[in-house]
Amino acid sequence: MEKKIKITINGASFEVEKGISILEAARNAGVIIPTLCYHKDLCVAGNCRVCVVEIVGQKRLAPACATPCEEGIEVLTNTLKVRNSRKHIIELLLAEHNAECTSCYKNGNCELQKLASDFKIMTQDFIHLVPFKNYTIDMYSPSIIKDDSKCIRCQRCVRTCAELQGVNALTMAYKGEHAKITAFFEKSLNEVVCTNCGQCIIHCPTGALVEKNYIEEVWSAIADKTKYVVIQTAPAVRVGLGEELGFDAGERVTGKMVSALKRLGFDAVMDTDFTADLTIMEEGTELLTRLKRALVDKDPDVKLPMATSCSPGWIKFIEHIYPEFLSHLSSCKSPQQMFGALVKTYYAKARKIDPDKIVSVSVMPCTAKKFEANRPEMHDSGYKDVDYVLTTRELAIMIKQAGIDFMKLEDTHYDRLMGESTGAGVIFGATGGVMEAALRTAYELVTGREVPFENLNITPVRGLEGIKEASIKIEKPLKEWSFLEGVELKCAIAHGLVNAKTVMDSVKAGTSNYHFIEFMACPGGCLGGGGQPIPTNPEIRRKRAAAIYAEDAGMPLRKSHLNPEIIKIYNDFLVKPLSDKSHHLLHTKYTPRKRY
């Protein structure tokens, strides 16, 4: 238990944990200290100096986020000196800031804008002291727009890219008035190791980093009467969308979301969870096939551990950082891309629609999905499989633009044929969910029995620890799987690319003994994706995860292989997992990339 010490904040005495920052102690005491560089996900920075406070006995003001509490210190957060200092810092930031607030994508959700409002910055006393800068806007990435004119150099993005993701695509360059955030070698984000994960976006306090949005393109498609516009929604969107539209964090809004999409004018509203179930069938079969080749055929070329391939940020990361391990990836496309390939083949044929007339749209919690949809590999339907990717935030904007009172909507169901799903598909949205879904099905297919966990809840793979491990011993398998008798299937789960790097380094060193690894690029998995509502922090991730598992628990079917629409698509179209047709449409391979 941490030692308690006594401090004074604005004349009131408080008992706090030793070593806690003044900022955190003040917040726990109900005293708000403004800040721009601090974020709960990141280590201490003290860059912006907006959080300065006065400590009795010290001449200089101290940054509250970077100053630990010590026994007996007296902190003043509201003196004239403090208020003036904060006001002047905000004025200086605004003096070199592109203040196109009314047309800025982050208008209404900008931390600098809020501080300017709270401090009532009505004049620009410093604006004539700041020289004009020839700012650049990087729009080359299909996922992220970087606008230097709105950057306040808090370095949250740099720290996010390094600490949370271990990627280091961004860096702080130069000093003084020339200081700026840039991609390495001052390249475009599209030219460096950037994984398009969008974590920099959800940590940026201003509009300096935003997703590249495709709202107008989707509106145009809906308005075009010659087009048939199909939309799919990812598992994590249903537990995030409500935060943008009046609900508390972690509220499930599945039925209302479907109703809103139908009101927006989409011709068919379907569920990415359907192809999440399909992914389990293909990926589980692929894993079992690799195990057979390794254990029975003694094939030296089989690659274990097998790694999941659902997260496009993780895929780009391994292409850049560990290209020699690409053969360890499952060849399965992500559920988004499986859906896109099927909607322009299987669905088009079943509904007698010309695939050339279909516009395939997805709503994802992920900005990297925009990059994935634009990959040259993703045209196996004969067309671009997914035409446009919207984030959860973009969908919320469209709902507001349409004047829909989201909170008053009735619940409706997804359209059929590719809209039926199971709880296993839903939990794809949380870290560990792909692993849990795969184990529920693979264990039952091999043994004829359910996984030996209460209520199908494989708790060792759940939770927000950065790296988790689990194992299941296979006993009394069915005859065709007898070679797995006594095998202890060893699994690992990593979320956040810095944790993925730790696991991959152990694989590279030969010190791991895993058979199967789930990787997710974003902290918390998809529910913490770069396209989710802002703010996203540890507490909010936990609430969204609880909602994901509650949705799973309430589903009538919770195992992918029992989904009747999955059974139907194999009977009518794909034949069986890893068939020639499924391999052509649902599987792919990736390309080694240089680091820069």
# chains A, B, ... in the order shown; residues from 1 in each chain; ligands from 1
>>> residues_around(residues="Asn78 in chain A", least_positions_apart="3", cutoff="10 Å", atoms="only C-alpha atoms", output="CSV table (one decimal) with N, CA and C atoms, in the first residue's frame")
chain,number,residue,atom,x,y,z
A,9,ILE,N,-3.9,22.3,-0.7
A,9,ILE,CA,-4.2,22.9,-2.0
A,9,ILE,C,-5.2,24.0,-1.7
A,10,ASN,N,-4.8,25.2,-2.0
A,10,ASN,CA,-5.7,26.4,-1.9
A,10,ASN,C,-6.2,26.5,-0.4
A,31,VAL,N,-10.4,19.9,-7.7
A,31,VAL,CA,-9.8,21.2,-8.2
A,31,VAL,C,-9.3,21.0,-9.6
A,33,ILE,N,-7.3,21.8,-12.8
A,33,ILE,CA,-6.2,22.5,-13.3
A,33,ILE,C,-6.1,22.2,-14.8
A,52,VAL,N,0.5,25.3,-14.9
A,52,VAL,CA,1.4,25.8,-13.9
A,52,VAL,C,0.6,26.2,-12.6
A,53,VAL,N,1.2,25.9,-11.5
A,53,VAL,CA,0.7,26.3,-10.2
A,53,VAL,C,1.8,27.0,-9.4
A,54,GLU,N,1.4,27.6,-8.3
A,54,GLU,CA,2.3,28.3,-7.4
A,54,GLU,C,2.5,27.4,-6.1
A,75,VAL,N,0.1,24.2,-2.2
A,75,VAL,CA,-0.1,24.5,-3.6
A,75,VAL,C,-1.2,25.5,-3.7
A,81,LYS,N,-1.0,35.5,-10.2
A,81,LYS,CA,0.2,35.2,-11.0
A,81,LYS,C,-0.1,33.9,-11.8
A,82,VAL,N,-0.7,32.9,-11.3
A,82,VAL,CA,-1.1,31.7,-12.0
A,82,VAL,C,-2.0,32.0,-13.1
A,83,ARG,N,-3.1,32.7,-12.8
A,83,ARG,CA,-4.1,33.0,-13.8
A,83,ARG,C,-3.5,33.7,-15.0
A,84,ASN,N,-2.7,34.8,-14.7
A,84,ASN,CA,-2.1,35.6,-15.8
A,84,ASN,C,-1.2,34.7,-16.6
>>> select_by_dssp(residues="range 86-283 of chain A", states="helix (DSSP H, G or I)", output="VMD selection string")
chain A and resid 86 to 95 101 to 103 111 to 118 127 to 129 148 to 150 156 to 164 176 to 178 184 to 186 189 to 191 199 to 203 215 to 223 235 to 239 241 to 244 254 to 264 272 to 283
>>> residues_around(residues="Glu24 in chain A", least_positions_apart="6", cutoff="12 Å", atoms="only C-alpha atoms", output="list of chain:residue names")
A:Ile9, A:Val16, A:Glu17, A:Lys18, A:Gly30, A:Val31, A:Ile32, A:Ile33, A:Pro34, A:Thr35, A:Tyr38, A:His39, A:Lys40, A:Val44, A:Cys51, A:Pro63, A:Ala64, A:Cys65, A:Ala66, A:Thr67, A:Pro68, A:Cys69
>>> residues_around(residues="Pro376 in chain A", least_positions_apart="4", cutoff="12 Å", atoms="only C-alpha atoms", output="MDAnalysis selection string")
chainID A and resid 371:372 380 382:386 588:591
>>> residues_around(residues="Thr136 in chain A", least_positions_apart="2", cutoff="9 Å", atoms="only C-alpha atoms", output="list in words")
Asn134, Asp138, Lys146, Asp147, Asp148 and Ser149 of chain A
>>> decode(residues="range 421-434 of chain A", atoms="N, CA and C atoms", output="PDB file, in the first residue's frame")
ATOM      1  N   SER A 421     -25.381 -12.707 -36.924  1.00  0.00           N
ATOM      2  CA  SER A 421     -24.075 -12.921 -36.293  1.00  0.00           C
ATOM      3  C   SER A 421     -24.252 -13.587 -34.940  1.00  0.00           C
ATOM      4  N   THR A 422     -23.145 -13.933 -34.331  1.00  0.00           N
ATOM      5  CA  THR A 422     -23.151 -14.553 -33.006  1.00  0.00           C
ATOM      6  C   THR A 422     -22.359 -13.690 -32.027  1.00  0.00           C
ATOM      7  N   GLY A 423     -22.409 -14.068 -30.754  1.00  0.00           N
ATOM      8  CA  GLY A 423     -21.622 -13.356 -29.758  1.00  0.00           C
ATOM      9  C   GLY A 423     -20.135 -13.430 -30.022  1.00  0.00           C
ATOM     10  N   ALA A 424     -19.714 -14.514 -30.678  1.00  0.00           N
ATOM     11  CA  ALA A 424     -18.290 -14.652 -31.013  1.00  0.00           C
ATOM     12  C   ALA A 424     -17.850 -13.556 -31.970  1.00  0.00           C
ATOM     13  N   GLY A 425     -18.722 -13.168 -32.904  1.00  0.00           N
ATOM     14  CA  GLY A 425     -18.405 -12.078 -33.820  1.00  0.00           C
ATOM     15  C   GLY A 425     -18.343 -10.744 -33.116  1.00  0.00           C
ATOM     16  N   VAL A 426     -19.230 -10.546 -32.123  1.00  0.00           N
ATOM     17  CA  VAL A 426     -19.279  -9.279 -31.380  1.00  0.00           C
ATOM     18  C   VAL A 426     -17.978  -9.023 -30.633  1.00  0.00           C
ATOM     19  N   ILE A 427     -17.436 -10.058 -29.983  1.00  0.00           N
ATOM     20  CA  ILE A 427     -16.267  -9.831 -29.126  1.00  0.00           C
ATOM     21  C   ILE A 427     -14.991  -9.568 -29.910  1.00  0.00           C
ATOM     22  N   PHE A 428     -15.042  -9.633 -31.230  1.00  0.00           N
ATOM     23  CA  PHE A 428     -13.907  -9.173 -32.036  1.00  0.00           C
ATOM     24  C   PHE A 428     -13.526  -7.743 -31.670  1.00  0.00           C
ATOM     25  N   GLY A 429     -14.486  -6.963 -31.142  1.00  0.00           N
ATOM     26  CA  GLY A 429     -14.231  -5.556 -30.852  1.00  0.00           C
ATOM     27  C   GLY A 429     -13.340  -5.305 -29.659  1.00  0.00           C
ATOM     28  N   ALA A 430     -13.069  -6.331 -28.842  1.00  0.00           N
ATOM     29  CA  ALA A 430     -12.235  -6.163 -27.647  1.00  0.00           C
ATOM     30  C   ALA A 430     -10.953  -6.964 -27.793  1.00  0.00           C
ATOM     31  N   THR A 431      -9.882  -6.486 -27.183  1.00  0.00           N
ATOM     32  CA  THR A 431      -8.650  -7.259 -27.205  1.00  0.00           C
ATOM     33  C   THR A 431      -8.888  -8.624 -26.574  1.00  0.00           C
ATOM     34  N   GLY A 432      -8.413  -9.670 -27.226  1.00  0.00           N
ATOM     35  CA  GLY A 432      -8.652 -11.040 -26.779  1.00  0.00           C
ATOM     36  C   GLY A 432      -9.878 -11.667 -27.389  1.00  0.00           C
ATOM     37  N   GLY A 433     -10.714 -10.838 -28.043  1.00  0.00           N
ATOM     38  CA  GLY A 433     -11.969 -11.341 -28.584  1.00  0.00           C
ATOM     39  C   GLY A 433     -11.797 -12.301 -29.740  1.00  0.00           C
ATOM     40  N   VAL A 434     -10.858 -12.018 -30.639  1.00  0.00           N
ATOM     41  CA  VAL A 434     -10.613 -12.914 -31.767  1.00  0.00           C
ATOM     42  C   VAL A 434     -10.128 -14.266 -31.248  1.00  0.00           C
TER      43      VAL A 434
END
